[in-house]
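Take a look at the structure set out below.
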Amino acid sequence: MGNCCERAGNFFGPQKNTNVRVSLPAVCFVWQIAMIILFGVFIRYDDESDVRLWIQHKLDHNITSDIENDFYFRYPSFQDVHVMIFVGFGFLMTFLKRYSFGGVGFNFLIAAFGLQWALLMQGWFHSLDLTTGKISIGVESLINADFCCAGSLIAFGALLGKVSPVQLLVVTLFGVTLFAVEEYIILSLLHCRDAGGSMVIHAFGGYYGLAISWVLYRPNLHLSKRLNGSVYHSDVFAMIGTLFLWMFWPSFNSAITDHGDGQHRAAINTYLALASSVLTTVAISSMSQKKGKLDMVHIQNATLAGGVAMGTAAEFMITPYGSLIVGFCTGIISTFGYLFVTPFLERVLKLQDTCGVHNLHAVPGMLGGFIGAIVAAAATEEVYSSDGLNMVFDFTGSFANRSVGTQGGFQAAGTCVSIAFGLVGGAIVGFILRFPIWGDPADDNCYDDEVYWEVPEDEETLPPVLEYNNHMIHKHQDISESNFSVEQS
Amino acid sequence: MGNCCERAGNFFGPQKNTNVRVSLPAVCFVWQIAMIILFGVFIRYDDESDVRLWIQHKLDHNITSDIENDFYFRYPSFQDVHVMIFVGFGFLMTFLKRYSFGGVGFNFLIAAFGLQWALLMQGWFHSLDLTTGKISIGVESLINADFCCAGSLIAFGALLGKVSPVQLLVVTLFGVTLFAVEEYIILSLLHCRDAGGSMVIHAFGGYYGLAISWVLYRPNLHLSKRLNGSVYHSDVFAMIGTLFLWMFWPSFNSAITDHGDGQHRAAINTYLALASSVLTTVAISSMSQKKGKLDMVHIQNATLAGGVAMGTAAEFMITPYGSLIVGFCTGIISTFGYLFVTPFLERVLKLQDTCGVHNLHAVPGMLGGFIGAIVAAAATEEVYSSDGLNMVFDFTGSFANRSVGTQGGFQAAGTCVSIAFGLVGGAIVGFILRFPIWGDPADDNCYDDEVYWEVPEDEETLPPVLEYNNHMIHKHQDISESNFSVEQS
Amino acid sequence: MGNCCERAGNFFGPQKNTNVRVSLPAVCFVWQIAMIILFGVFIRYDDESDVRLWIQHKLDHNITSDIENDFYFRYPSFQDVHVMIFVGFGFLMTFLKRYSFGGVGFNFLIAAFGLQWALLMQGWFHSLDLTTGKISIGVESLINADFCCAGSLIAFGALLGKVSPVQLLVVTLFGVTLFAVEEYIILSLLHCRDAGGSMVIHAFGGYYGLAISWVLYRPNLHLSKRLNGSVYHSDVFAMIGTLFLWMFWPSFNSAITDHGDGQHRAAINTYLALASSVLTTVAISSMSQKKGKLDMVHIQNATLAGGVAMGTAAEFMITPYGSLIVGFCTGIISTFGYLFVTPFLERVLKLQDTCGVHNLHAVPGMLGGFIGAIVAAAATEEVYSSDGLNMVFDFTGSFANRSVGTQGGFQAAGTCVSIAFGLVGGAIVGFILRFPIWGDPADDNCYDDEVYWEVPEDEETLPPVLEYNNHMIHKHQDISESNFSVEQS
């Protein structure tokens, strides 16, 4: 089948070479060897995962029980985040009828590739010990590395089915690098709070992917239209992704918040916002169709918008009903996005967004940033207490005298920084990806696993008359002959 | 296809109107807005999730470490329960060949809808502060809200494929309300122990669903018989649900038990009972078939009976071998239920129970209640120690002088209360659902996602001769013409 | 279809009797009753799960908080391991086109059967109180029981599709027994460290399965060749297994390591090794195919080799870059194994290994054992500190004076013991399984769920012309007649 498609492609222009037999292994090997060398130079265990240092740490801090190790505060959340990254994002992208291998497989490759680079990049910016020249890593570093990959995985959603695995590795390499820089600017220089990453993960990742996709516009993509859609079973597979994202989003938003009340509150707020999103998504989805039928695209995606939009504010005292309101509004906005904005972007702005990351990540992430700014600016000592305010917003060191109003302003500025990084960075990366060396598929050959995967011959795709004959032979005649003819076909 | 089914339906009576374009969005919006208002009036963070109160709480109780926050005792269990509710129940109900969207999608809707109402209802009954008029929520509230939804999801199992989403929201609204009341009676007034909810969740939910289904009896349901069954892949999807329920049931039964030994023991007991259920389910399933073949219906369901039946006794000192015995017996009983009782109920009692909740929830839940009563009555100071007895059965306050024998009697009474609530409540709700305004499908149109979902056109469902032609064209002729004809079909 | 296959089988020799209606229930019942009796005699709650003993334990050890209960250190890891055993192994084995029921269902049966026997066997060897004659169990026992089952599940991978469920129970009975003995020799007598079980789980389980498969060699297995492969959807199902194994492997390797830094470090090391494996697996997979396409068999399996190979060394101070190197090498070795060694073994050694456990478990497990030996021998006081060295290698009691060099030697010896147990034990069990009483399928009847499962009639497998007619009837004519003809077919 792969062969015939390629031949058919000649009707529409020069055949593209999708052979990645040299480039993909080369990138993987070079990259992995570089990682080993850089890890050897820079990365060490931190105080809580090094046996000598932990014994010393317990003595120094008068800790009597191992339960005080950060592992026990964060490891369950880390595993939930890990599931979101690999199963959540991965299976959400299996919805296409013939790109499930690519959806879940390339997601796996991107994340495994990106998290190593993320440990280094984030380490250099956030935890490089200048006296020893080493980066210390612990469970919180692993969570942050997973978060960092999420930005590139979001971008993958906009590009799904239209790029080669080598291009995806380039997207990830630059994505992780840009992420670390914008994160440093937003969290360290502007001193924003963004535990669940509405700004640094979702707004950045969404606009990064959209900008790349815009630069890589394919005018003849309608030639692959037959494969740009789901079948019944692929939609059920995608629901695995949706549900694991939905269920574990409270862990995502609380994974790196303050111990104690911080993690506790972030989980509650996210749980409520997500529940609220489901109701409004169902409502708008049903309203939008003549007979009130629900659309799987909305259920798979817009139900998650509440989690995205709570990424910044979840750790604040937004109140339970505030969380419900956030979920209420973003569920509506996201579903409307799938109904009207994505088609508009494609028709008018020439922006092809396979998974609709505009509606699930870019816009809810941006809104989440501004919601965070508003909630921060509205914080009062009465609600938080004086100590609480300093803890939640980390008003210490050179930021000890910052007011909540100023903090709100910086939060809003941080949102703009993340969007700018996504758009500019994405545009540059998009131009890099237009070089004709990356092995991307032709316009009539997109959304097809045949291009980069050994796809098993499905019995169902045999021409039916032949299949009928095989069946009959198989059932009533000499079985060895039947086997022979099956292999022939 | 939807169209033709509807036309065919005219052979058997007036066509039903399954359009929910007004009712479903209306219910979702009204409901969600009501939730926001009620949450605004009533719901606040509790001591352990509010930044100001947690700082104060730590001072008051001389707590030095954030690890003492209830979040770290219960959040991992909460996430396991959350997975059971959304993926476990959801995927267990994807087994029908053409109702997988409805199975997993409506499960999602019900749970997201129900958990908000559950936080309020359970809050009013259990944690309303009468001085402030506020309900405080924390991670334990979220677990209880998930539990409360489980009752309605069990009822959904009996109704699967036969009701509209609007009816399901009505079932949930009343289900959560009834749940909160019976739970208050059983746990607070009768002072029963029921951490894993054999009584309050499973017996109630099972009989609630059965009573509704009995009132909604469809005499011509055989007209939908062609869709009331599984296909190969849908059975594999259902195993995802089964396994996540089975694996995380120890967390379900231990999620809200006492800190320390209570959670520890409940997990061990449930683990053992479940393992034992698997063996006897396989044995009976194999025995029941002429050639000893296993039936997926049994493996998907009866293997879980041990977890249901341990819902009350798991936190008691039932002993490891006691747990094995419970699993042994309920595995047998549940499998026999699928073999003999469900067909009997349908034929004789006119009770159509799609998922067989009678055998998985109603009967094992009832048995679990009585097992709990027996184990409670048999408790001795020798085994529990005096302090232990007071802790496990919470013999404090006005119940300080209750004997274990009396406790056993109350446990048995509690089981009867839960069944009575289920049967009476279900009958009333069933009659409400018979009004011809809810958009439910006709008898020949059940178990079909076409009714409430936009279902993608499967290539496989094209008439084969046409498909054959498309194939040939696609392979050997002009590709643009082929695309054209696919779109036409 | 089952019938016709059986008839066709007569062309090739005497028909095998695959009826397990007596043997399977008999084994399950006898076994489960034996378990109840033995649990009654031997198994009790341990200090941390018994209410009386935990109260006493807290007094004796001056513990003030329930968070010190081992439940809170290990339960999240236990649940991750539990998911690996049931969903991870189970879904990894759904990849065959018509053996998904068997893959996930028999996996479920084996594990539920094995974990009970494991609690007893491991209890007798490791935690039998000689004064009371009782075995105390807690959450760590549950993890060890799951680990113990993993050995037999690995062996199942080599036998997938070729044996009856009764044979699998025999494999498990002996597998768990052998496991407990070799584990006792390796961990207690040789005093090796092997927290993630490179030796005791993977090397043992892999060689055990290979030896059984070698003895059960089927010369005419090519007659089932048509079913020995995947289809598109079954490969996506298998990715569920792969990803849950991959994501939770850090929990697997850290579940029973030392509290605090031990669990923390083991998780980090495994996380890194796994990420590195993914990159080299993708590289070799792409290089091996003419057009650089990826092979799902490699992605599903070889990506996990890094986790297997870190099973021993994960808790040591192997350093982060050391972990990357381990993953780098084992990813390459495992993928080469799938490409060259498995075909070689089948052709030359007459060893049929359905899942390729040789490449995923046997060889990486063996390598993991030797890597552990090297890392142990290279341990220095400078890196570990003196106390740390004693803690990590448990140099206490009669082993107080053991040097790290000696420890390295014993680790290597332990690896050899595990392989020897696997090979010899597997050969013996294989001969037992050759008796013609176990109900295994004929050579032309392998990899087929029809043999041991009630398989739903797929609409798609109807002969296409008939299906076409049904379609037309169903769409345009009397619907009741259509139903009739569907049932006839």
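A note on labels: chains of the structure tokens are A, B, ... as shown, every chain counts residues from 1, and ligands are counted from 1 in their shown order.
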* Asked: Could you list, as a PyMOL selection string, every residue of chain B that has an atom within 6 Å of an atom of chain A, counting only C-alpha atoms?
  -> chain B and resi 19-21+25+28+36+39-40+48-49+51-52+66+69+71+112+452-454+456+458+468
* Neighbours of Thr132 in chain C within 12 Å (only C-alpha atoms; same-chain residues fewer than 3 positions away dropped), as a ChimeraX atom specification? -> /C:41-44,127-129,135-136
* as number ranges by chain, please: all residues of range 270-453 of chain B that backbone DSSP puts in helix (DSSP H, G or I). => B: 270-287, 296-309, 313-315, 320-348, 357-377, 381-384, 386-393, 397-399, 404-433, 443-445, 449-451
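Relative to CA of Ala195 in chain C, CA of Thr380 in chain C is found at 20.1 Å.
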